[in-house]
Amino acid sequence: MKKIKKIWQENSVLFVLLFIIIACLIAISIVVVTYFVGDSSSKYGDRLEEIENYPFDSDAQQEIMDQIKESDLVLEVGMRVSGKVIYITIDFVPATTLVEAQSIALASLDYFSEETLSFYDLEFMIQADATEETEGFRIIGARNVSGTGGIVWNNNTEFEEEEVNAEE
């Protein structure tokens, strides 16, 4: 007993510091597990709460794809749902202009129900091959639930660099 008492008296500061370090490590571990590891079994966490109230089944998808395919300019339409995002891929005939393709994609919003548009984000991928008369295009647009209601297209316009004449 005298040995333990002697060790405590000689190293009491070290023992207190060691106890504080162990307590801090335990607290940090609890915080890391709670906030970063979590306990959710879904890769989406709680972002998909109430998704069962907004069904978008394969029948509804097929009906919308059929309506989009009615256009003579559309070759193929694909659709898939991942979480709260509906991905729509539209392939157009090669002679289609970008403006025509964008207007068909914008008109396709009318085929979705208001419930679907109020819950799901839409992502459009439209493309057409180049011909001798047209350049072809491949462009992505998105419609966000909290957005303006239209489709916002990315700007992938390629600009040719003009040579600057050093003599001027």
# chains A, B, ... in the order shown; residues from 1 in each chain; ligands from 1
$ residues_around --residues "Ala95 (chain A)" --least-positions-apart "6" --cutoff "8 Å" --atoms "only C-alpha atoms" --output "ChimeraX atom specification"
/A:128-131,133-134,136
$ select_by_dssp --residues "chain A" --states "strand (DSSP E)" --output "PyMOL selection string"
chain A and resi 74-82+85-92+121-128+137-143+152-153
$ residues_around --residues "Gly83 (chain A)" --least-positions-apart "3" --cutoff "9 Å" --atoms "only C-alpha atoms" --output "PyMOL selection string"
chain A and resi 44+47-48+51+86+120
$ closest_residue --among "A:Met79, A:Gly149, A:Ala27, A:Gln62" --to "Leu106 (chain A)" --atoms "only C-alpha atoms"
A:Gly149
$ residues_around --residues "Phe92 (chain A)" --least-positions-apart "6" --cutoff "9 Å" --atoms "only C-alpha atoms" --output "list in words"
Asp72, Leu73, Val74, Leu75, Glu76, Val77, Ala101, Ile126, Gln127, Ala128 and Asp129 of chain A
$ select_by_dssp --residues "chain A" --states "alpha helix (DSSP H)" --output "MDAnalysis selection string"
chainID A and resid 2:32 58:69 98:107 114:119
$ atom_distance --atom1 "CA of Ile26 (chain A)" --atom2 "CA of Val13 (chain A)"
20.2 Å
$ residues_around --residues "Ile139 (chain A)" --least-positions-apart "2" --cutoff "9 Å" --atoms "only C-alpha atoms" --output "compact mmCIF listing (two decimals) with N, CA, C and O atoms, in the first residue's frame"
# COMPACT_ATOMS: atom_id res chain seq x y z
N LEU A 98 -30.68 22.45 -81.57
CA LEU A 98 -30.67 22.51 -80.12
C LEU A 98 -31.92 23.18 -79.58
O LEU A 98 -32.50 22.74 -78.58
N PHE A 124 -32.41 16.48 -67.29
CA PHE A 124 -32.54 16.13 -68.71
C PHE A 124 -31.16 16.01 -69.34
O PHE A 124 -30.31 16.87 -69.14
N MET A 125 -30.98 14.95 -70.11
CA MET A 125 -29.77 14.79 -70.92
C MET A 125 -30.26 14.62 -72.36
O MET A 125 -30.89 13.60 -72.67
N ILE A 126 -30.01 15.62 -73.18
CA ILE A 126 -30.49 15.56 -74.56
C ILE A 126 -29.29 15.56 -75.50
O ILE A 126 -28.28 16.19 -75.21
N GLN A 127 -29.44 14.85 -76.61
CA GLN A 127 -28.33 14.76 -77.56
C GLN A 127 -28.82 14.45 -78.96
O GLN A 127 -29.87 13.85 -79.14
N PHE A 137 -25.30 18.08 -80.80
CA PHE A 137 -25.17 18.63 -79.46
C PHE A 137 -25.32 17.51 -78.43
O PHE A 137 -25.83 16.43 -78.72
N GLY A 141 -29.72 19.60 -68.76
CA GLY A 141 -30.54 20.62 -68.12
C GLY A 141 -31.16 20.07 -66.86
O GLY A 141 -31.30 18.86 -66.70
N TRP A 153 -30.34 25.10 -68.48
CA TRP A 153 -29.41 24.32 -69.31
C TRP A 153 -27.99 24.73 -69.01
O TRP A 153 -27.71 25.91 -68.77
N ASN A 154 -27.09 23.76 -69.07
CA ASN A 154 -25.68 24.10 -68.87
C ASN A 154 -25.17 24.83 -70.10
O ASN A 154 -25.71 24.71 -71.19
N ASN A 155 -24.12 25.60 -69.92
CA ASN A 155 -23.54 26.34 -71.04
C ASN A 155 -22.26 25.64 -71.45
O ASN A 155 -21.21 25.86 -70.87
N ASN A 156 -22.35 24.79 -72.43
CA ASN A 156 -21.16 24.08 -72.89
C ASN A 156 -20.75 24.55 -74.28
O ASN A 156 -20.17 23.80 -75.04
$ closest_residue --among "A:Lys43, A:Ile28, A:Phe56, A:Leu109" --to "Ile68 (chain A)" --atoms "only C-alpha atoms"
A:Leu109
$ residues_around --residues "Gly150 (chain A)" --least-positions-apart "3" --cutoff "12 Å" --atoms "only C-alpha atoms" --output "ChimeraX atom specification"
/A:102-103,105-110,117,121-124,141-147,153
$ write_last_selection --atoms "C-alpha atoms" --output "short mmCIF file (atom, residue, chain, number, x, y, z; two decimals), in the first residue's frame"
data_model
loop_
_atom_site.label_atom_id
_atom_site.label_comp_id
_atom_site.auth_asym_id
_atom_site.auth_seq_id
_atom_site.Cartn_x
_atom_site.Cartn_y
_atom_site.Cartn_z
CA GLN A 102 -34.81 22.11 -75.68
CA SER A 103 -38.40 23.06 -76.48
CA ALA A 105 -37.78 18.78 -73.24
CA LEU A 106 -39.50 21.85 -71.79
CA ALA A 107 -42.86 20.72 -73.18
CA SER A 108 -42.37 17.33 -71.52
CA LEU A 109 -42.80 19.00 -68.13
CA ASP A 110 -46.53 19.16 -68.92
CA LEU A 117 -43.01 18.11 -59.97
CA ASP A 121 -35.95 17.12 -59.24
CA LEU A 122 -35.68 16.47 -63.00
CA GLU A 123 -32.43 16.09 -64.90
CA PHE A 124 -32.54 16.13 -68.71
CA GLY A 141 -30.54 20.62 -68.12
CA ALA A 142 -32.11 20.52 -64.69
CA ARG A 143 -35.37 21.48 -63.07
CA ASN A 144 -35.19 21.90 -59.32
CA VAL A 145 -38.22 21.61 -57.04
CA SER A 146 -37.43 24.94 -55.42
CA GLY A 147 -36.39 26.58 -58.71
CA TRP A 153 -29.41 24.32 -69.31
#
$ atom_distance --atom1 "CA of Asp91 (chain A)" --atom2 "CA of Ala60 (chain A)"
20.0 Å
$ closest_residue --among "A:Glu135, A:Asp66, A:Glu52, A:Asp46" --to "Ile90 (chain A)" --atoms "only C-alpha atoms"
A:Asp66
